[in-house]
file structure-v6.cif (mmCIF, C-alpha atoms)
data_protein
#
loop_
_atom_site.label_atom_id
_atom_site.label_comp_id
_atom_site.auth_asym_id
_atom_site.auth_seq_id
_atom_site.Cartn_x
_atom_site.Cartn_y
_atom_site.Cartn_z
CA MET E 110 -22.27 3.77 74.22
CA TRP E 111 -23.37 3.39 70.60
CA ILE E 112 -20.00 4.72 69.43
CA LEU E 113 -18.19 1.99 71.39
CA THR E 114 -20.55 -0.61 69.96
CA ARG E 115 -19.78 0.54 66.36
CA ARG E 116 -16.02 0.44 67.02
CA ILE E 117 -16.25 -3.11 68.39
CA ALA E 118 -18.32 -4.20 65.37
CA LEU E 119 -15.82 -2.59 62.98
CA ALA E 120 -12.89 -4.23 64.76
CA LEU E 121 -14.57 -7.63 64.52
CA ALA E 122 -15.25 -7.11 60.81
CA LEU E 123 -11.64 -6.11 60.09
CA SER E 124 -10.26 -9.03 62.07
CA THR E 125 -12.51 -11.43 60.17
CA THR E 126 -11.36 -10.01 56.82
CA ALA E 127 -7.71 -10.19 57.83
CA ALA E 128 -8.11 -13.77 58.98
CA ALA E 129 -9.70 -14.72 55.68
CA GLY E 130 -6.80 -13.10 53.85
CA VAL E 131 -4.30 -15.08 55.91
CA VAL E 132 -6.14 -18.31 55.11
CA ARG E 133 -6.11 -17.50 51.38
CA ALA E 134 -2.41 -16.63 51.53
CA GLN E 135 -1.67 -19.94 53.27
CA GLN E 136 -3.66 -21.86 50.65
CA ALA E 137 -2.01 -20.10 47.65
CA PRO E 138 0.95 -21.99 46.14
CA ALA E 139 4.40 -20.60 46.82
CA PRO E 140 5.84 -18.55 43.93
CA ASP E 141 8.33 -20.33 41.72
CA PRO E 142 11.71 -18.49 41.81
CA ALA E 143 12.17 -19.43 38.15
CA ASP E 144 9.17 -17.26 37.24
CA ALA E 145 11.06 -14.11 38.19
CA ALA E 146 13.88 -14.98 35.78
CA ARG E 147 11.56 -16.07 32.99
CA PRO E 148 11.33 -13.31 30.30
CA GLU E 149 8.02 -11.96 29.11
CA PRO E 150 6.85 -13.60 25.88
CA ASP E 151 7.76 -11.66 22.77
CA GLN E 152 4.94 -9.97 20.91
CA PRO E 153 4.47 -11.45 17.44
CA PRO E 154 5.95 -9.14 14.80
CA GLN E 155 3.57 -7.22 12.56
CA LEU E 156 4.25 -8.80 9.20
CA VAL E 157 2.24 -6.22 7.26
CA PRO E 158 3.15 -2.65 8.27
CA ASP E 159 0.70 0.23 8.21
CA LEU E 160 1.67 2.75 5.56
CA PRO E 161 1.88 6.36 6.77
CA THR E 162 -0.40 8.68 4.83
CA VAL E 163 -0.11 12.28 3.69
CA PRO E 164 -3.08 14.68 3.98
CA TRP E 165 -4.16 15.91 0.54
CA ARG E 166 -6.83 18.60 0.50
CA HIS E 167 -9.57 18.30 -2.10
CA ASP E 168 -9.24 21.98 -3.02
CA ARG E 169 -5.51 21.66 -3.67
CA LEU E 170 -4.46 22.33 -7.25
CA ALA E 171 -3.72 19.00 -8.93
CA PHE E 172 -1.87 19.91 -12.11
CA ASN E 173 -1.18 17.04 -14.53
CA TRP E 174 -2.93 14.39 -12.43
CA THR E 175 -5.14 11.76 -14.08
CA THR E 176 -7.72 10.29 -11.68
CA ILE E 177 -9.03 6.80 -12.34
CA LYS E 178 -12.74 6.06 -12.01
CA THR E 179 -13.44 3.14 -9.68
CA THR E 180 -17.09 2.54 -10.60
CA PRO E 181 -17.84 -1.21 -10.40
CA LEU E 182 -17.92 -3.01 -13.73
CA PRO E 183 -20.68 -5.42 -14.81
CA LYS E 184 -18.10 -8.21 -14.84
CA ASP E 185 -17.02 -7.53 -11.22
CA ARG E 186 -18.20 -9.95 -8.57
CA GLU E 187 -20.26 -8.41 -5.80
CA GLY E 188 -18.51 -7.07 -2.71
CA ILE E 189 -15.02 -6.41 -4.07
CA TRP E 190 -13.06 -3.34 -2.99
CA VAL E 191 -11.06 -0.97 -5.19
CA LEU E 192 -8.50 1.64 -4.13
CA ASP E 193 -8.55 5.11 -5.68
CA PHE E 194 -5.60 5.72 -7.99
CA ALA E 195 -4.24 8.83 -9.69
CA PHE E 196 -1.03 9.30 -11.65
CA LYS E 197 1.08 11.88 -13.42
CA PRO E 198 2.44 11.54 -16.98
CA LEU E 199 5.16 8.96 -17.53
CA ARG E 200 8.51 10.73 -17.26
CA ILE E 201 12.21 10.16 -17.85
CA GLN E 202 14.88 11.03 -15.28
CA THR E 203 18.66 10.69 -15.34
CA VAL E 204 20.01 8.98 -12.22
CA GLU E 205 23.48 8.03 -11.02
CA ILE E 206 23.36 4.28 -10.29
CA PRO E 207 26.35 2.62 -8.54
CA GLY E 208 28.12 0.24 -10.89
CA LYS E 209 26.11 1.44 -13.90
CA GLY E 210 26.91 5.14 -14.07
CA ARG E 211 24.41 7.73 -15.24
CA ARG E 212 21.28 6.03 -16.55
CA SER E 213 17.94 7.26 -17.81
CA VAL E 214 14.95 5.67 -16.12
CA HIS E 215 11.23 5.85 -16.84
CA TYR E 216 9.02 6.49 -13.84
CA LEU E 217 5.33 6.72 -12.97
CA TYR E 218 4.48 8.96 -10.02
CA TYR E 219 1.17 8.00 -8.41
CA LYS E 220 -1.18 8.52 -5.47
CA VAL E 221 -3.39 5.92 -3.76
CA VAL E 222 -6.34 6.58 -1.41
CA ASN E 223 -8.42 4.01 0.44
CA ARG E 224 -12.04 5.20 0.37
CA THR E 225 -13.42 1.88 1.61
CA SER E 226 -14.55 1.34 5.18
CA SER E 227 -11.66 -0.93 6.22
CA PRO E 228 -7.85 -1.05 6.03
CA ARG E 229 -6.71 -2.62 2.76
CA PRO E 230 -3.44 -4.38 1.83
CA PHE E 231 -1.43 -2.78 -0.95
CA TYR E 232 1.10 -4.93 -2.81
CA PRO E 233 1.30 -3.27 -6.22
CA GLN E 234 2.81 -4.66 -9.38
CA PHE E 235 3.70 -2.39 -12.30
CA ILE E 236 4.42 -4.19 -15.56
CA MET E 237 5.27 -2.39 -18.80
CA VAL E 238 4.28 -4.35 -21.92
CA ASN E 239 5.19 -3.40 -25.48
CA GLU E 240 3.31 -4.15 -28.70
CA ARG E 241 4.95 -7.57 -29.03
CA GLY E 242 3.93 -8.62 -25.53
CA GLN E 243 7.41 -8.27 -24.04
CA ARG E 244 7.23 -7.49 -20.31
CA PHE E 245 9.36 -5.14 -18.23
CA GLU E 246 8.88 -5.28 -14.45
CA ASP E 247 9.34 -2.15 -12.37
CA ALA E 248 12.81 -2.15 -10.84
CA VAL E 249 14.31 -1.44 -7.43
CA VAL E 250 16.36 1.72 -7.97
CA PRO E 251 16.70 3.38 -4.54
CA GLU E 252 18.98 6.09 -5.93
CA ALA E 253 16.11 7.35 -8.08
CA ILE E 254 13.62 7.91 -5.24
CA PRO E 255 15.06 11.12 -3.69
CA VAL E 256 15.74 12.56 -7.15
CA ILE E 257 12.14 11.96 -8.23
CA GLN E 258 10.76 13.29 -4.94
CA GLY E 259 12.80 16.46 -5.38
CA ARG E 260 11.42 16.92 -8.87
CA GLU E 261 7.76 16.16 -8.13
CA ASP E 262 7.22 17.57 -4.62
CA PRO E 263 10.02 17.74 -2.02
CA THR E 264 7.45 18.12 0.79
CA ILE E 265 5.75 14.76 0.17
CA PRO E 266 7.52 11.48 1.06
CA VAL E 267 7.42 9.08 -1.88
CA ARG E 268 7.81 5.31 -1.64
CA GLY E 269 9.54 2.98 -4.06
CA ALA E 270 9.09 -0.67 -4.96
CA ILE E 271 10.24 -2.01 -1.57
CA ASP E 272 8.67 0.24 1.07
CA ILE E 273 5.34 0.79 -0.71
CA MET E 274 4.03 -2.59 0.46
CA GLY E 275 1.74 -2.48 3.48
CA VAL E 276 -1.75 -1.65 4.69
CA ILE E 277 -3.48 1.59 3.74
CA PRO E 278 -5.94 2.86 6.38
CA PRO E 279 -9.34 4.15 5.27
CA SER E 280 -9.58 7.85 4.46
CA THR E 281 -12.47 9.27 6.48
CA LYS E 282 -11.75 12.99 6.87
CA GLU E 283 -14.08 15.44 5.18
CA GLY E 284 -12.39 17.49 2.47
CA VAL E 285 -9.02 15.76 2.95
CA ASP E 286 -7.64 12.51 1.55
CA ASP E 287 -5.24 10.35 3.53
CA ALA E 288 -3.02 9.46 0.58
CA VAL E 289 0.03 7.30 -0.03
CA PHE E 290 2.45 8.50 -2.71
CA GLY E 291 4.61 6.08 -4.66
CA VAL E 292 6.70 5.76 -7.78
CA ALA E 293 7.30 2.86 -10.15
CA VAL E 294 10.68 2.93 -11.91
CA TRP E 295 11.96 1.11 -15.00
CA ASP E 296 15.65 0.99 -15.86
CA SER E 297 15.01 -1.10 -18.99
CA TRP E 298 12.30 -0.82 -21.65
CA ASP E 299 11.72 -1.08 -25.39
CA ALA E 300 12.85 2.26 -26.81
CA SER E 301 11.53 1.32 -30.27
CA ALA E 302 7.94 0.74 -29.13
CA ASP E 303 5.42 3.20 -30.58
CA ARG E 304 2.70 1.95 -28.24
CA PHE E 305 2.93 0.31 -24.85
CA SER E 306 0.87 -0.25 -21.72
CA ILE E 307 1.50 -0.31 -17.99
CA TYR E 308 -0.51 -2.90 -16.07
CA VAL E 309 -1.16 -2.06 -12.41
CA ARG E 310 -2.15 -4.88 -10.09
CA GLY E 311 -2.90 -4.67 -6.37
CA LEU E 312 -5.58 -1.97 -6.45
CA SER E 313 -8.43 -4.44 -5.87
CA ASP E 314 -9.22 -7.89 -4.54
CA GLY E 315 -11.32 -8.67 -7.61
CA TYR E 316 -10.54 -11.82 -9.58
CA LYS E 317 -12.13 -14.25 -12.02
CA GLU E 318 -11.61 -17.94 -12.65
CA ILE E 319 -11.72 -18.88 -16.32
CA ALA E 320 -12.15 -22.51 -17.26
CA PRO E 321 -9.78 -23.56 -20.08
CA PRO E 322 -11.27 -25.26 -23.17
CA ASP E 323 -9.48 -28.52 -22.36
CA GLY E 324 -11.16 -28.73 -18.96
CA GLY E 325 -7.92 -28.33 -17.00
CA LYS E 326 -7.19 -26.18 -13.97
CA PRO E 327 -9.06 -22.84 -14.03
CA LEU E 328 -7.01 -19.80 -14.94
CA VAL E 329 -7.17 -17.00 -12.36
CA LYS E 330 -7.20 -13.44 -13.67
CA TYR E 331 -7.08 -10.38 -11.41
CA LYS E 332 -8.77 -7.01 -11.70
CA THR E 333 -6.03 -4.87 -13.21
CA LEU E 334 -5.70 -1.26 -14.29
CA ARG E 335 -4.21 -0.86 -17.77
CA LEU E 336 -2.65 2.50 -18.68
CA ASP E 337 -2.07 2.96 -22.42
CA PHE E 338 0.59 5.22 -23.95
CA ILE E 339 1.79 6.37 -27.36
CA ARG E 340 5.41 7.32 -28.05
CA ARG E 341 6.06 9.70 -30.92
CA GLY E 342 9.68 10.19 -31.82
CA ASP E 343 13.05 8.63 -32.48
CA GLU E 344 14.32 5.78 -30.31
CA ARG E 345 17.82 7.29 -30.44
CA ASN E 346 16.68 10.58 -28.94
CA LEU E 347 14.20 9.74 -26.19
CA SER E 348 12.16 12.55 -24.69
CA GLU E 349 9.36 12.38 -22.14
CA LYS E 350 7.52 15.08 -24.10
CA GLU E 351 6.95 12.52 -26.85
CA ILE E 352 5.11 10.12 -24.51
CA GLU E 353 1.37 10.75 -24.55
CA PRO E 354 -1.62 8.94 -23.07
CA ALA E 355 -3.66 7.02 -25.61
CA ASP E 356 -7.36 7.67 -26.16
CA PRO E 357 -8.86 6.28 -23.98
CA ALA E 358 -6.00 6.58 -21.51
CA TYR E 359 -6.90 3.59 -19.33
CA ASP E 360 -9.20 0.63 -18.84
CA TRP E 361 -10.05 -1.85 -16.09
CA ILE E 362 -9.51 -5.42 -17.24
CA TYR E 363 -9.02 -8.91 -15.82
CA TRP E 364 -5.44 -9.93 -16.58
#
call {"tool": "encode", "arguments": {"input": "structure-v6.cif", "output": "structure tokens"}}
result
Amino acid sequence: MWILTRRIALALALSTTAAAGVVRAQQAPAPDPADAARPEPDQPPQLVPDLPTVPWRHDRLAFNWTTIKTTPLPKDREGIWVLDFAFKPLRIQTVEIPGKGRRSVHYLYYKVVNRTSSPRPFYPQFIMVNERGQRFEDAVVPEAIPVIQGREDPTIPVRGAIDIMGVIPPSTKEGVDDAVFGVAVWDSWDASADRFSIYVRGLSDGYKEIAPPDGGKPLVKYKTLRLDFIRRGDERNLSEKEIEPADPAYDWIYW
């Protein structure tokens, strides 16, 4: 008897639930046929791509690399971030450039690591400046990239002036750096300069506002890495062996 009673109670409960569902279905608005033909909204494009990184073990031999110290300076404002930067000696490479033939280019091969706790944007600028203050911007020479990669390390993808821009994720692995490798290339420079510097911007969000003496608009200067070089030799017979780092080899400045 109790089994029959439970079945009747269950049937009543199910019928009540079904009836409620019918009522809700009757109250719901009819679907619009146009909705089926309406495409899904496009996802907004990611304007700043994430840069792929290359694992670099701390115990790996790092011949000819100069690592930059990122210790905060007294003139830095509190809370700024700085990316780790290392570079190899400035070198000269002959490259076949369409429309220009075989040309010698200067290049700086470098490595960047984000040791901060958050992803950081990386939009570097490399500017070569001679003793007279003449500036030479790094150039877009895509033909040079595979040649330089083959010379430096064929196993590591290297990025040029165009595809180096993006976001570098934080490096959090123990004993391994998540590094981005890039190269700055110059197809024009002052061959007669005995001393010159390369200014590297984009490694930090540090900046300073300097009020001009006339009380006008403040001048904004950015935390910049300056690499100093000495060239010993004849301008008619250029050789990368004659390019040496100055002493000291670098300095952090606001420029």
call {"tool": "resolve_selection", "arguments": {"input": "structure-v6.cif", "expression": "the PyMOL selection byres ((chain E and resi 248) around 9)", "output": "PyMOL selection string"}}
result
chain E and resi 245-247+249-250+270+293-297
call {"tool": "closest_residue", "arguments": {"input": "structure-v6.cif", "among": "E:Gln243, E:Leu347, E:Arg229, E:Ser313", "to": "Gly275 (chain E)", "atoms": "only C-alpha atoms"}}
result
E:Arg229
call {"tool": "resolve_selection", "arguments": {"input": "structure-v6.cif", "expression": "the PyMOL selection byres ((chain E and resi 265) around 12)", "output": "PyMOL selection string"}}
result
chain E and resi 161-165+218-220+254-255+257-264+266-268+288-291
call {"tool": "closest_residue", "arguments": {"input": "structure-v6.cif", "among": "E:Ala300, E:Leu217, E:Ala195, E:Met237", "to": "Gly269 (chain E)", "atoms": "only C-alpha atoms"}}
result
E:Leu217
call {"tool": "resolve_selection", "arguments": {"input": "structure-v6.cif", "expression": "the PyMOL selection byres ((chain E and resi 316) around 6)", "output": "compact mmCIF listing (two decimals) with C-alpha atoms, keeping the file's coordinate frame"}}
result
# COMPACT_ATOMS: atom_id res chain seq x y z
CA GLY E 315 -11.32 -8.67 -7.61
CA LYS E 317 -12.13 -14.25 -12.02
CA LYS E 330 -7.20 -13.44 -13.67
CA TYR E 331 -7.08 -10.38 -11.41
CA LYS E 332 -8.77 -7.01 -11.70
call {"tool": "atom_distance", "arguments": {"input": "structure-v6.cif", "atom1": "CA of Arg244 (chain E)", "atom2": "CA of Trp298 (chain E)"}}
result
8.5 Å
call {"tool": "decode", "arguments": {"input": "structure-v6.cif", "residues": "region 278-329 of chain E", "atoms": "C-alpha atoms", "output": "short mmCIF file (atom, residue, chain, number, x, y, z; two decimals), in the first residue's frame"}}
result
data_model
loop_
_atom_site.label_atom_id
_atom_site.label_comp_id
_atom_site.auth_asym_id
_atom_site.auth_seq_id
_atom_site.Cartn_x
_atom_site.Cartn_y
_atom_site.Cartn_z
CA PRO E 278 55.29 37.82 -19.56
CA PRO E 279 56.97 37.62 -16.16
CA SER E 280 59.73 35.04 -15.78
CA THR E 281 58.90 32.92 -12.73
CA LYS E 282 60.67 29.59 -13.26
CA GLU E 283 63.47 28.68 -10.89
CA GLY E 284 66.85 28.40 -12.60
CA VAL E 285 65.44 29.33 -16.02
CA ASP E 286 64.74 32.70 -17.63
CA ASP E 287 61.85 33.21 -20.04
CA ALA E 288 63.76 35.45 -22.43
CA VAL E 289 63.02 37.37 -25.61
CA PHE E 290 65.87 37.73 -28.10
CA GLY E 291 66.09 40.68 -30.46
CA VAL E 292 68.46 42.55 -32.71
CA ALA E 293 68.78 46.24 -33.56
CA VAL E 294 70.23 46.95 -37.01
CA TRP E 295 71.74 50.10 -38.52
CA ASP E 296 72.33 50.44 -42.25
CA SER E 297 73.74 53.96 -41.86
CA TRP E 298 76.13 55.41 -39.27
CA ASP E 299 79.07 57.76 -38.88
CA ALA E 300 82.12 55.74 -39.91
CA SER E 301 84.45 58.55 -38.81
CA ALA E 302 83.24 58.62 -35.20
CA ASP E 303 85.85 57.58 -32.64
CA ARG E 304 83.25 57.47 -29.88
CA PHE E 305 79.52 56.91 -30.02
CA SER E 306 76.64 55.74 -27.84
CA ILE E 307 73.52 53.65 -28.30
CA TYR E 308 70.50 54.84 -26.32
CA VAL E 309 67.96 52.13 -25.47
CA ARG E 310 64.46 53.22 -24.50
CA GLY E 311 61.53 51.00 -23.57
CA LEU E 312 63.15 49.00 -20.76
CA SER E 313 61.31 50.90 -18.01
CA ASP E 314 58.27 53.05 -17.33
CA GLY E 315 60.39 55.56 -15.41
CA TYR E 316 60.23 59.21 -16.44
CA LYS E 317 60.89 62.69 -15.09
CA GLU E 318 59.32 66.05 -15.81
CA ILE E 319 61.82 68.89 -15.92
CA ALA E 320 60.55 72.45 -15.72
CA PRO E 321 62.26 74.74 -18.26
CA PRO E 322 63.87 77.98 -17.01
CA ASP E 323 61.34 80.09 -18.91
CA GLY E 324 58.43 78.46 -17.09
CA GLY E 325 57.00 76.81 -20.20
CA LYS E 326 55.70 73.29 -20.69
CA PRO E 327 57.66 70.69 -18.66
CA LEU E 328 60.11 68.56 -20.61
CA VAL E 329 59.55 64.81 -20.18
#
